[in-house]
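This is input09.tsv. It holds TSV, C-alpha atoms.
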```tsv
chain	number	residue	atom	x	y	z
A	15	MET	CA	1.72	-22.31	-16.24
A	16	ILE	CA	1.12	-18.57	-16.07
A	17	LEU	CA	1.84	-16.76	-12.81
A	18	ILE	CA	0.41	-13.27	-12.42
A	19	VAL	CA	2.18	-11.25	-9.75
A	20	MET	CA	-0.33	-8.67	-8.56
A	21	GLY	CA	-0.65	-5.77	-6.13
A	22	VAL	CA	-0.83	-2.01	-6.02
A	23	ALA	CA	1.83	0.19	-7.60
A	24	GLY	CA	5.09	-0.01	-5.68
A	25	SER	CA	4.40	-3.44	-4.21
A	26	GLY	CA	7.39	-4.98	-6.01
A	27	LYS	CA	5.60	-6.81	-8.81
A	28	THR	CA	8.28	-6.16	-11.42
A	29	THR	CA	11.21	-6.91	-9.12
A	30	VAL	CA	9.70	-10.16	-7.83
A	31	GLY	CA	8.41	-11.17	-11.27
A	32	GLN	CA	11.78	-10.65	-12.94
A	33	LEU	CA	13.64	-12.56	-10.23
A	34	LEU	CA	11.19	-15.44	-10.36
A	35	ALA	CA	11.27	-15.59	-14.16
A	36	LYS	CA	15.08	-15.55	-14.16
A	37	GLU	CA	15.29	-18.39	-11.61
A	38	LEU	CA	12.77	-20.50	-13.54
A	39	SER	CA	13.98	-19.50	-17.04
A	40	TRP	CA	10.40	-18.46	-17.88
A	41	THR	CA	9.17	-15.58	-20.03
A	42	PHE	CA	8.61	-12.31	-18.15
A	43	ARG	CA	6.18	-9.58	-19.21
A	44	ASP	CA	5.35	-6.45	-17.26
A	45	ALA	CA	1.78	-5.11	-17.45
A	46	ASP	CA	3.15	-1.66	-18.23
A	47	GLU	CA	4.12	-2.99	-21.68
A	48	PHE	CA	0.43	-3.55	-22.47
A	49	HIS	CA	-0.86	-0.06	-21.60
A	50	PRO	CA	-1.89	2.11	-24.54
A	51	PRO	CA	-0.09	5.49	-24.68
A	52	THR	CA	-3.25	7.29	-23.50
A	53	ASN	CA	-3.19	5.36	-20.20
A	54	ILE	CA	0.48	6.13	-19.62
A	55	GLU	CA	-0.17	9.81	-20.34
A	56	LYS	CA	-3.05	9.90	-17.84
A	57	MET	CA	-1.03	8.23	-15.09
A	58	SER	CA	1.94	10.52	-15.82
A	59	GLN	CA	-0.36	13.46	-15.17
A	60	GLY	CA	-1.56	11.94	-11.89
A	61	ILE	CA	-4.98	10.98	-13.30
A	62	ALA	CA	-6.32	7.66	-12.04
A	63	LEU	CA	-7.48	5.19	-14.69
A	64	GLU	CA	-11.11	4.20	-14.93
A	65	ASP	CA	-12.52	0.81	-15.91
A	66	ALA	CA	-13.00	2.01	-19.51
A	67	ASP	CA	-9.28	2.85	-19.66
A	68	ARG	CA	-8.33	-0.55	-18.34
A	69	ALA	CA	-10.53	-2.62	-20.69
A	70	PRO	CA	-8.22	-2.60	-23.76
A	71	TRP	CA	-5.18	-3.11	-21.52
A	72	LEU	CA	-6.74	-6.18	-19.90
A	73	ALA	CA	-7.93	-7.51	-23.26
A	74	THR	CA	-4.39	-7.33	-24.64
A	75	MET	CA	-3.02	-9.10	-21.58
A	76	ARG	CA	-5.71	-11.80	-21.85
A	77	ALA	CA	-4.83	-12.39	-25.51
A	78	THR	CA	-1.17	-12.79	-24.54
A	79	ILE	CA	-2.05	-15.28	-21.80
A	80	GLU	CA	-4.21	-17.26	-24.24
A	81	THR	CA	-1.31	-17.37	-26.71
A	82	TYR	CA	1.15	-18.56	-24.05
A	83	LEU	CA	-1.26	-21.28	-22.91
A	84	ARG	CA	-1.86	-22.44	-26.49
A	85	GLU	CA	1.92	-22.63	-26.99
A	86	ASP	CA	2.29	-24.41	-23.62
A	87	ARG	CA	4.71	-21.65	-22.62
A	88	ASN	CA	5.41	-20.82	-18.97
A	89	ALA	CA	5.40	-17.14	-18.11
A	90	ILE	CA	5.38	-14.63	-15.29
A	91	LEU	CA	3.25	-11.55	-15.84
A	92	THR	CA	2.74	-8.58	-13.58
A	93	CYS	CA	-0.54	-6.76	-13.28
A	94	SER	CA	-2.11	-4.71	-10.52
A	95	CYS	CA	-5.38	-6.70	-10.89
A	96	LEU	CA	-7.00	-4.49	-8.28
A	97	LYS	CA	-10.56	-5.71	-8.82
A	98	ALA	CA	-11.96	-9.22	-8.90
A	99	ALA	CA	-13.43	-8.48	-12.34
A	100	TYR	CA	-9.96	-7.71	-13.71
A	101	ARG	CA	-8.62	-10.97	-12.34
A	102	GLN	CA	-11.57	-12.84	-13.81
A	103	THR	CA	-10.73	-11.37	-17.23
A	104	LEU	CA	-7.20	-12.77	-16.99
A	105	LEU	CA	-8.18	-16.13	-15.49
A	106	VAL	CA	-8.27	-17.90	-18.84
A	107	ASP	CA	-7.67	-21.35	-17.35
A	108	PRO	CA	-7.88	-21.69	-13.55
A	109	ALA	CA	-5.78	-24.87	-13.66
A	110	ARG	CA	-2.89	-23.10	-15.40
A	111	VAL	CA	-3.17	-19.43	-14.34
A	112	ARG	CA	-2.30	-18.52	-10.75
A	113	PHE	CA	-2.29	-15.16	-8.96
A	114	ILE	CA	0.35	-14.15	-6.44
A	115	TYR	CA	-0.72	-11.14	-4.36
A	116	LEU	CA	2.06	-8.98	-2.92
A	117	LYS	CA	0.42	-7.46	0.13
A	118	GLY	CA	1.72	-4.60	2.21
A	119	SER	CA	0.71	-1.54	4.17
A	120	TYR	CA	-0.09	1.80	2.56
A	121	GLU	CA	2.75	3.43	4.50
A	122	LEU	CA	5.41	0.98	3.32
A	123	ILE	CA	4.35	1.15	-0.31
A	124	ASP	CA	3.98	4.93	-0.24
A	125	ALA	CA	7.56	5.23	1.03
A	126	ARG	CA	8.76	2.97	-1.79
A	127	LEU	CA	6.94	4.98	-4.44
A	128	ARG	CA	8.32	8.28	-3.16
A	129	HIS	CA	11.86	6.93	-3.64
A	130	ARG	CA	11.21	5.47	-7.10
A	131	ALA	CA	12.49	7.62	-9.93
A	132	HIS	CA	11.69	7.59	-13.64
A	133	HIS	CA	8.32	5.85	-13.49
A	134	PHE	CA	5.04	7.23	-14.82
A	135	MET	CA	3.01	5.98	-11.84
A	136	LYS	CA	3.12	8.70	-9.19
A	137	ALA	CA	2.83	8.18	-5.45
A	138	ASP	CA	-0.25	10.41	-5.39
A	139	LEU	CA	-2.22	7.72	-7.23
A	140	LEU	CA	-1.54	5.10	-4.57
A	141	LYS	CA	-4.52	6.21	-2.48
A	142	SER	CA	-6.87	5.58	-5.41
A	143	GLN	CA	-5.37	2.12	-5.90
A	144	PHE	CA	-5.95	1.15	-2.26
A	145	GLU	CA	-9.50	2.54	-2.49
A	146	ILE	CA	-10.46	0.25	-5.38
A	147	LEU	CA	-8.39	-2.77	-4.28
A	148	GLU	CA	-10.51	-5.87	-3.77
A	149	GLU	CA	-8.12	-8.22	-2.02
A	150	PRO	CA	-8.16	-11.64	-3.68
A	151	GLN	CA	-9.47	-14.64	-1.81
A	152	ASP	CA	-8.14	-17.14	-4.33
A	153	ALA	CA	-4.54	-15.95	-4.70
A	154	MET	CA	-1.36	-16.88	-2.95
A	155	THR	CA	-0.74	-13.94	-0.60
A	156	VAL	CA	2.83	-12.94	0.21
A	157	ASP	CA	3.97	-10.27	2.68
A	158	LEU	CA	5.96	-7.79	0.62
A	159	SER	CA	8.01	-6.57	3.57
A	160	ASP	CA	10.40	-9.50	3.04
A	161	PRO	CA	13.32	-8.99	0.64
A	162	PRO	CA	12.48	-9.92	-2.99
A	163	GLU	CA	14.77	-12.97	-2.90
A	164	VAL	CA	12.91	-14.32	0.14
A	165	ILE	CA	9.54	-13.66	-1.51
A	166	VAL	CA	10.65	-15.59	-4.60
A	167	GLN	CA	11.73	-18.57	-2.49
A	168	LYS	CA	8.39	-18.54	-0.64
A	169	ILE	CA	6.54	-18.56	-3.96
A	170	ARG	CA	8.63	-21.38	-5.35
A	171	LYS	CA	8.16	-23.47	-2.22
A	172	ALA	CA	4.40	-22.88	-2.02
A	173	LEU	CA	3.89	-23.71	-5.72
A	174	ASN	CA	6.54	-26.45	-5.79
A	175	ILE	CA	8.34	-24.91	-8.79
```

What is this file in structure tokens?
Amino acid sequence: MILIVMGVAGSGKTTVGQLLAKELSWTFRDADEFHPPTNIEKMSQGIALEDADRAPWLATMRATIETYLREDRNAILTCSCLKAAYRQTLLVDPARVRFIYLKGSYELIDARLRHRAHHFMKADLLKSQFEILEEPQDAMTVDLSDPPEVIVQKIRKALNI
């Protein structure tokens, strides 16, 4: 099974994904690992990515998911997956790929981002992420205002893992 923890920047994808992967002894991969250097440079400069920037990033993630599924390897991946088309790209096998949407208010996430140090994604880009966000209808939705440990337990209970 592949679980993709999704949401805007600052929603807690990495924290929740790492905790969940540790509890389950599954592979963990953060979407930031898949970005080409040009994307990281743009975001570092406060420039929002466009669909053309995201295409190679999503293709690399899809290839990784396909490999994990072929190897019958369980994994947790993080990815903003802001648009339905991005999620469709990663939905290699609907029976074995599930999305978990960490949902929260702009104000809460903005406050988190402003206190996060040493990350290329700047708080100023959050507005653009909320503007293009197409909330998923087919994902497990979790309120991100709970502590990460509580979120992980809710996910495990809902998915029976």

### Query
Hey, what's within 7 Å of stretch 91-95 of chain A if we count all atoms listed in the file and toss same-chain stuff fewer than 4 positions away? As a PyMOL selection string, please?
chain A and resi 17-23+27-28+31+42-45+100-101

### Message
Just checking: using only C-alpha atoms, which residue out of A:Lys97, A:Arg84, A:Arg110, A:Arg126 ends up closest to A:Phe144?
### Response
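Of A:Lys97, A:Arg84, A:Arg110, A:Arg126, the one nearest A:Phe144 is A:Lys97, counting only C-alpha atoms.
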
### Query
What separation in Å, quoted to one decimal, exists between atom CA of A:Ala153 and atom CA of A:Leu116?
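Between atom CA of A:Ala153 and atom CA of A:Leu116 the gap is 9.8 Å.
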
#### Entry: Top pick for closest residue to A:Pro51, considering A:Asp152, A:Asp67, A:Glu145, A:Glu37 and counting all atoms listed in the file
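Ranking A:Asp152, A:Asp67, A:Glu145, A:Glu37 by distance to A:Pro51, first place goes to A:Asp67.
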
### Message
as a list in words, please: the residues near A:His49 (cut-off 9 Å, only C-alpha atoms, same-chain neighbours under 3 positions excluded).
### Response
Ala45, Asp46, Thr52, Asn53, Ile54, Arg68, Pro70, Trp71, Leu72 and Thr74 of chain A

### Nearest candidate to A:Lys168 (options A:Ala35, A:Val30, A:Ile146, A:Ile16; using all atoms listed in the file)
A:Val30

### Query
Which of these, A:Thr81, A:Ala109, A:Val156, A:Ser142, has the shortest distance to A:Glu64 once you count all atoms listed in the file?
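Answer, going by the shortest atom-to-atom distance: A:Ser142.
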
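Our summary of the geometry notes that atom CA of A:Lys36 is positioned 9.8 Å from atom CA of A:Ile90.
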
### Query
Of the candidates A:Val106, A:Met75, A:Leu139, A:Ala89, which one gets nearest to A:Ser58 if we count all atoms listed in the file?
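Answer, going by the shortest atom-to-atom distance: A:Leu139.
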
### Neighbours of point (-1.3, -18.1, -18.9) within 6 Å, using all atoms listed in the file, written as a PyMOL selection string
chain A and resi 15-16+79+82-83+111

#### Entry: Between atom CA of A:Glu47 and atom CA of A:Pro161 - distance in Å to one decimal
24.9 Å

Return the padded bounding box of stretch 69-84 of chain A as lines of an AutoDock Vina configuration file: axis-aligned, built from all atoms listed in the file, 3 Å added on each side, with centre and edge lengths in Å to one decimal.
```
center_x = -4.7
center_y = -12.5
center_z = -23.3
size_x = 17.7
size_y = 25.8
size_z = 12.8
```

Can you rebuild stretch 92-124 of chain A with N, CA and C atoms and give it as an mmCIF file, in the frame of the given file?
```cif
data_model
loop_
_atom_site.group_PDB
_atom_site.id
_atom_site.type_symbol
_atom_site.label_atom_id
_atom_site.label_comp_id
_atom_site.auth_asym_id
_atom_site.auth_seq_id
_atom_site.Cartn_x
_atom_site.Cartn_y
_atom_site.Cartn_z
ATOM 1 N N THR A 92 3.124 -9.442 -14.694
ATOM 2 C CA THR A 92 2.740 -8.580 -13.580
ATOM 3 C C THR A 92 1.502 -7.813 -13.993
ATOM 4 N N CYS A 93 0.661 -7.540 -13.034
ATOM 5 C CA CYS A 93 -0.540 -6.760 -13.280
ATOM 6 C C CYS A 93 -1.110 -6.358 -11.928
ATOM 7 N N SER A 94 -1.538 -5.131 -11.799
ATOM 8 C CA SER A 94 -2.110 -4.710 -10.520
ATOM 9 C C SER A 94 -3.330 -5.543 -10.161
ATOM 10 N N CYS A 95 -4.196 -5.840 -11.127
ATOM 11 C CA CYS A 95 -5.380 -6.700 -10.890
ATOM 12 C C CYS A 95 -6.131 -6.292 -9.633
ATOM 13 N N LEU A 96 -6.427 -5.014 -9.515
ATOM 14 C CA LEU A 96 -7.000 -4.490 -8.280
ATOM 15 C C LEU A 96 -8.408 -4.979 -7.983
ATOM 16 N N LYS A 97 -9.178 -5.260 -9.020
ATOM 17 C CA LYS A 97 -10.560 -5.710 -8.820
ATOM 18 C C LYS A 97 -10.722 -7.169 -9.227
ATOM 19 N N ALA A 98 -11.669 -7.816 -8.578
ATOM 20 C CA ALA A 98 -11.960 -9.220 -8.900
ATOM 21 C C ALA A 98 -12.325 -9.371 -10.377
ATOM 22 N N ALA A 99 -13.036 -8.404 -10.931
ATOM 23 C CA ALA A 99 -13.430 -8.480 -12.340
ATOM 24 C C ALA A 99 -12.216 -8.471 -13.258
ATOM 25 N N TYR A 100 -11.179 -7.730 -12.905
ATOM 26 C CA TYR A 100 -9.960 -7.710 -13.710
ATOM 27 C C TYR A 100 -9.285 -9.082 -13.672
ATOM 28 N N ARG A 101 -9.232 -9.658 -12.480
ATOM 29 C CA ARG A 101 -8.620 -10.970 -12.340
ATOM 30 C C ARG A 101 -9.412 -12.018 -13.119
ATOM 31 N N GLN A 102 -10.721 -11.901 -13.082
ATOM 32 C CA GLN A 102 -11.570 -12.840 -13.810
ATOM 33 C C GLN A 102 -11.298 -12.756 -15.316
ATOM 34 N N THR A 103 -11.059 -11.551 -15.810
ATOM 35 C CA THR A 103 -10.730 -11.370 -17.230
ATOM 36 C C THR A 103 -9.466 -12.122 -17.595
ATOM 37 N N LEU A 104 -8.494 -12.137 -16.704
ATOM 38 C CA LEU A 104 -7.200 -12.770 -16.990
ATOM 39 C C LEU A 104 -7.163 -14.260 -16.636
ATOM 40 N N LEU A 105 -8.160 -14.734 -15.916
ATOM 41 C CA LEU A 105 -8.180 -16.130 -15.490
ATOM 42 C C LEU A 105 -8.717 -17.014 -16.618
ATOM 43 N N VAL A 106 -7.904 -17.154 -17.645
ATOM 44 C CA VAL A 106 -8.270 -17.900 -18.840
ATOM 45 C C VAL A 106 -8.494 -19.381 -18.525
ATOM 46 N N ASP A 107 -7.615 -19.934 -17.702
ATOM 47 C CA ASP A 107 -7.670 -21.350 -17.350
ATOM 48 C C ASP A 107 -7.247 -21.488 -15.889
ATOM 49 N N PRO A 108 -8.216 -21.644 -14.972
ATOM 50 C CA PRO A 108 -7.880 -21.690 -13.550
ATOM 51 C C PRO A 108 -6.854 -22.767 -13.170
ATOM 52 N N ALA A 109 -6.747 -23.812 -13.964
ATOM 53 C CA ALA A 109 -5.780 -24.870 -13.660
ATOM 54 C C ALA A 109 -4.355 -24.450 -14.033
ATOM 55 N N ARG A 110 -4.230 -23.472 -14.938
ATOM 56 C CA ARG A 110 -2.890 -23.100 -15.400
ATOM 57 C C ARG A 110 -2.531 -21.627 -15.211
ATOM 58 N N VAL A 111 -3.434 -20.844 -14.629
ATOM 59 C CA VAL A 111 -3.170 -19.430 -14.340
ATOM 60 C C VAL A 111 -3.331 -19.237 -12.841
ATOM 61 N N ARG A 112 -2.280 -18.727 -12.204
ATOM 62 C CA ARG A 112 -2.300 -18.520 -10.750
ATOM 63 C C ARG A 112 -1.937 -17.070 -10.444
ATOM 64 N N PHE A 113 -2.579 -16.521 -9.410
ATOM 65 C CA PHE A 113 -2.290 -15.160 -8.960
ATOM 66 C C PHE A 113 -1.459 -15.204 -7.688
ATOM 67 N N ILE A 114 -0.485 -14.308 -7.620
ATOM 68 C CA ILE A 114 0.350 -14.150 -6.440
ATOM 69 C C ILE A 114 0.190 -12.690 -6.011
ATOM 70 N N TYR A 115 -0.415 -12.486 -4.852
ATOM 71 C CA TYR A 115 -0.720 -11.140 -4.360
ATOM 72 C C TYR A 115 0.367 -10.675 -3.403
ATOM 73 N N LEU A 116 1.054 -9.592 -3.776
ATOM 74 C CA LEU A 116 2.060 -8.980 -2.920
ATOM 75 C C LEU A 116 1.357 -7.952 -2.051
ATOM 76 N N LYS A 117 1.215 -8.270 -0.793
ATOM 77 C CA LYS A 117 0.420 -7.460 0.130
ATOM 78 C C LYS A 117 1.318 -6.693 1.083
ATOM 79 N N GLY A 118 0.976 -5.422 1.275
ATOM 80 C CA GLY A 118 1.720 -4.600 2.210
ATOM 81 C C GLY A 118 0.917 -3.401 2.650
ATOM 82 N N SER A 119 1.421 -2.694 3.629
ATOM 83 C CA SER A 119 0.710 -1.540 4.170
ATOM 84 C C SER A 119 0.844 -0.333 3.229
ATOM 85 N N TYR A 120 -0.113 0.553 3.340
ATOM 86 C CA TYR A 120 -0.090 1.800 2.560
ATOM 87 C C TYR A 120 1.205 2.563 2.848
ATOM 88 N N GLU A 121 1.575 2.640 4.109
ATOM 89 C CA GLU A 121 2.750 3.430 4.500
ATOM 90 C C GLU A 121 4.036 2.890 3.873
ATOM 91 N N LEU A 122 4.203 1.585 3.904
ATOM 92 C CA LEU A 122 5.410 0.980 3.320
ATOM 93 C C LEU A 122 5.465 1.220 1.818
ATOM 94 N N ILE A 123 4.360 1.001 1.147
ATOM 95 C CA ILE A 123 4.350 1.150 -0.310
ATOM 96 C C ILE A 123 4.488 2.612 -0.709
ATOM 97 N N ASP A 124 3.846 3.504 0.034
ATOM 98 C CA ASP A 124 3.980 4.930 -0.240
ATOM 99 C C ASP A 124 5.439 5.366 -0.140
#
```
